[in-house]
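Student: My questions all concern the structure below.
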Amino acid sequence: MRFDEAVLIAMQKFRTGDVLAKTKELKEGAVRYTPEYFDELEKEILGEDVEADLDQEMEIEDGT
Amino acid sequence: MELKAPIPGENLLADGRNFPWRRAPEIVDYDEAVESILNKVDEDAELEAVFAMMDVGADMVTITSTLLLNYVGMGKVSIDLALLMSGPLSRYLEIKAKSAGVDFDLGLVDENRKPITAEDMRMAMNIVEQDEEAPELDLPQEAPEEEAPEDSLMAQPPVASEEEQSSMLGMDEEEEIANG
């Protein structure tokens, strides 16, 4: 397996939160940089844009 | 044309002990390593380079692996820790790109993607396949094997009896020695 293939898998796993359990085993105490941390950061930086995007997506899914 | 390839075996002559990636990594803690690379990426020159790569069509996987390999090459982190850092780094770059309004391709594999088949291509090109039976080809038939005559060189040699086989293996001599 090439490095970029492993990076691709690691990125996908991080998005689903799978890797974090193993990362927690490596580190004592709480892990700071979790997927939730980046979700919060995204909301903080992008502000209303993210919420607006989410609302639009929900509207599209509802068919309204 | 001049080729600038290394001479075979040149790597055996180079003293690689002092390369940064040969030494113990500077950072071994996950949070510390992620914070370090995020701070580095936040530098103007780095961020401009990342956005430029996104503009020319490099996907997030390529950009992330390039940055991480560079970090490993500098001796900052080990390759294992670099893999753990790939998720947070790519997520951070994604947020930065969104905030700057830069278009990017994540480069992730869609697991629900349906593979394109020949049938799909025919449907798309409006090619209607007619049920035509393939014409039978008149292939030459193999002649049945004939057994070679017994006195021929190609004939199967006769199988030796059990006594002959044991004598050939020296079993009789061993029995005689054992019996005294």
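Here's how to read the names in the structure tokens: chain A, B, ... by the order shown, residue numbers from 1 in each chain, ligand numbers from 1 in the order shown.
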Taking only C-alpha atoms into account, report as a VMD selection string which residues of chain A lie within 8 Å of chain B.

Tutor: chain A and resid 3 to 4 6 to 8 10 to 15 19 23 27 31 to 35 38 42 45 to 46

Student: By how many Å are CA of Asn70 in chain B and CA of Met1 in chain A apart?

Tutor: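 Spanning CA of Asn70 in chain B to CA of Met1 in chain A is a straight-line distance of 18.8 Å.
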
Student: Suppose you want the space between CA of Pro115 in chain B and CA of Val56 in chain B; what is it in Å?

Tutor: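 Separation between CA of Pro115 in chain B and CA of Val56 in chain B: 27.0 Å.
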
Student: At what distance in Å, to one decimal, does CA of Met74 in chain B lie from CA of Asn18 in chain B?

Tutor: 11.7 Å

Student: Taking only range 1-49 of chain A into account, list the residues labelled helix (DSSP H, G or I) by DSSP (computed from the backbone), as number ranges by chain.

Tutor: A: 3-16, 19-26, 35-46, 48-49

Student: Any chance you can output those residues with C-alpha atoms as a PDB file, in the first residue's frame?

Tutor:
ATOM      1  CA  PHE A   3       1.409   6.297   1.531  1.00  0.00           C
ATOM      2  CA  ASP A   4      -1.287   8.301  -0.273  1.00  0.00           C
ATOM      3  CA  GLU A   5      -3.588   5.259  -0.251  1.00  0.00           C
ATOM      4  CA  ALA A   6      -3.105   4.975   3.513  1.00  0.00           C
ATOM      5  CA  VAL A   7      -3.766   8.717   3.854  1.00  0.00           C
ATOM      6  CA  LEU A   8      -6.994   8.313   1.891  1.00  0.00           C
ATOM      7  CA  ILE A   9      -8.173   5.534   4.238  1.00  0.00           C
ATOM      8  CA  ALA A  10      -7.142   7.539   7.321  1.00  0.00           C
ATOM      9  CA  MET A  11      -9.048  10.583   6.046  1.00  0.00           C
ATOM     10  CA  GLN A  12     -12.174   8.537   5.435  1.00  0.00           C
ATOM     11  CA  LYS A  13     -11.891   6.909   8.854  1.00  0.00           C
ATOM     12  CA  PHE A  14     -11.446  10.268  10.568  1.00  0.00           C
ATOM     13  CA  ARG A  15     -14.623  11.523   8.968  1.00  0.00           C
ATOM     14  CA  THR A  16     -16.543   8.550  10.336  1.00  0.00           C
ATOM     15  CA  VAL A  19      -9.642   6.054  14.040  1.00  0.00           C
ATOM     16  CA  LEU A  20     -10.260   8.133  17.119  1.00  0.00           C
ATOM     17  CA  ALA A  21     -10.760   5.131  19.399  1.00  0.00           C
ATOM     18  CA  LYS A  22      -7.294   3.834  18.489  1.00  0.00           C
ATOM     19  CA  THR A  23      -5.801   7.319  18.798  1.00  0.00           C
ATOM     20  CA  LYS A  24      -7.221   7.604  22.299  1.00  0.00           C
ATOM     21  CA  GLU A  25      -5.452   4.387  23.243  1.00  0.00           C
ATOM     22  CA  LEU A  26      -2.127   5.970  22.271  1.00  0.00           C
ATOM     23  CA  PRO A  35     -13.811  15.249  14.491  1.00  0.00           C
ATOM     24  CA  GLU A  36     -16.192  17.144  16.784  1.00  0.00           C
ATOM     25  CA  TYR A  37     -13.514  19.784  17.391  1.00  0.00           C
ATOM     26  CA  PHE A  38     -13.269  20.418  13.657  1.00  0.00           C
ATOM     27  CA  ASP A  39     -17.060  20.499  13.287  1.00  0.00           C
ATOM     28  CA  GLU A  40     -17.155  23.211  15.957  1.00  0.00           C
ATOM     29  CA  LEU A  41     -14.254  25.027  14.297  1.00  0.00           C
ATOM     30  CA  GLU A  42     -16.050  24.932  10.957  1.00  0.00           C
ATOM     31  CA  LYS A  43     -19.152  26.460  12.505  1.00  0.00           C
ATOM     32  CA  GLU A  44     -17.030  29.065  14.237  1.00  0.00           C
ATOM     33  CA  ILE A  45     -15.082  30.089  11.128  1.00  0.00           C
ATOM     34  CA  LEU A  46     -17.785  29.790   8.522  1.00  0.00           C
ATOM     35  CA  GLU A  48     -23.977  31.104   9.340  1.00  0.00           C
ATOM     36  CA  ASP A  49     -22.837  29.717   6.010  1.00  0.00           C
TER      37      ASP A  49
END

Student: Show me, as a PyMOL selection string, the residues that have an atom within 8 Å of Phe104 in chain B when counting only C-alpha atoms, minus same-chain residues fewer than 3 positions from it.

Tutor: chain B and resi 54-55+57-60+94+97

Student: Take the residues that were just selected and, keeping N, CA and C atoms, output them as a CSV table (one decimal), in the first residue's frame.

Tutor:
chain,number,residue,atom,x,y,z
B,54,MET,N,-4.7,23.5,-4.9
B,54,MET,CA,-6.1,23.2,-5.1
B,54,MET,C,-6.6,23.8,-6.5
B,55,ASP,N,-6.1,25.0,-6.8
B,55,ASP,CA,-6.5,25.7,-8.0
B,55,ASP,C,-6.1,24.9,-9.2
B,57,GLY,N,-6.0,21.8,-9.5
B,57,GLY,CA,-6.7,20.5,-9.5
B,57,GLY,C,-6.2,19.4,-8.7
B,58,ALA,N,-5.2,19.7,-7.8
B,58,ALA,CA,-4.7,18.6,-6.9
B,58,ALA,C,-5.8,18.3,-5.9
B,59,ASP,N,-6.1,17.1,-5.6
B,59,ASP,CA,-7.1,16.8,-4.6
B,59,ASP,C,-6.5,16.8,-3.2
B,60,MET,N,-7.4,16.7,-2.3
B,60,MET,CA,-7.1,16.9,-0.9
B,60,MET,C,-6.1,15.8,-0.4
B,94,GLU,N,-9.7,21.7,4.5
B,94,GLU,CA,-11.1,21.9,3.9
B,94,GLU,C,-11.8,23.1,4.5
B,97,ALA,N,-10.1,26.2,3.1
B,97,ALA,CA,-10.5,26.4,1.7
B,97,ALA,C,-11.9,27.0,1.5

Student: Near Pro20 in chain B, within 12 Å and counting only C-alpha atoms, which residues show up once chain neighbours fewer than 4 positions away are dropped, as an NGL selection string?

Tutor: :B and (16 or 24-26 or 70-78)
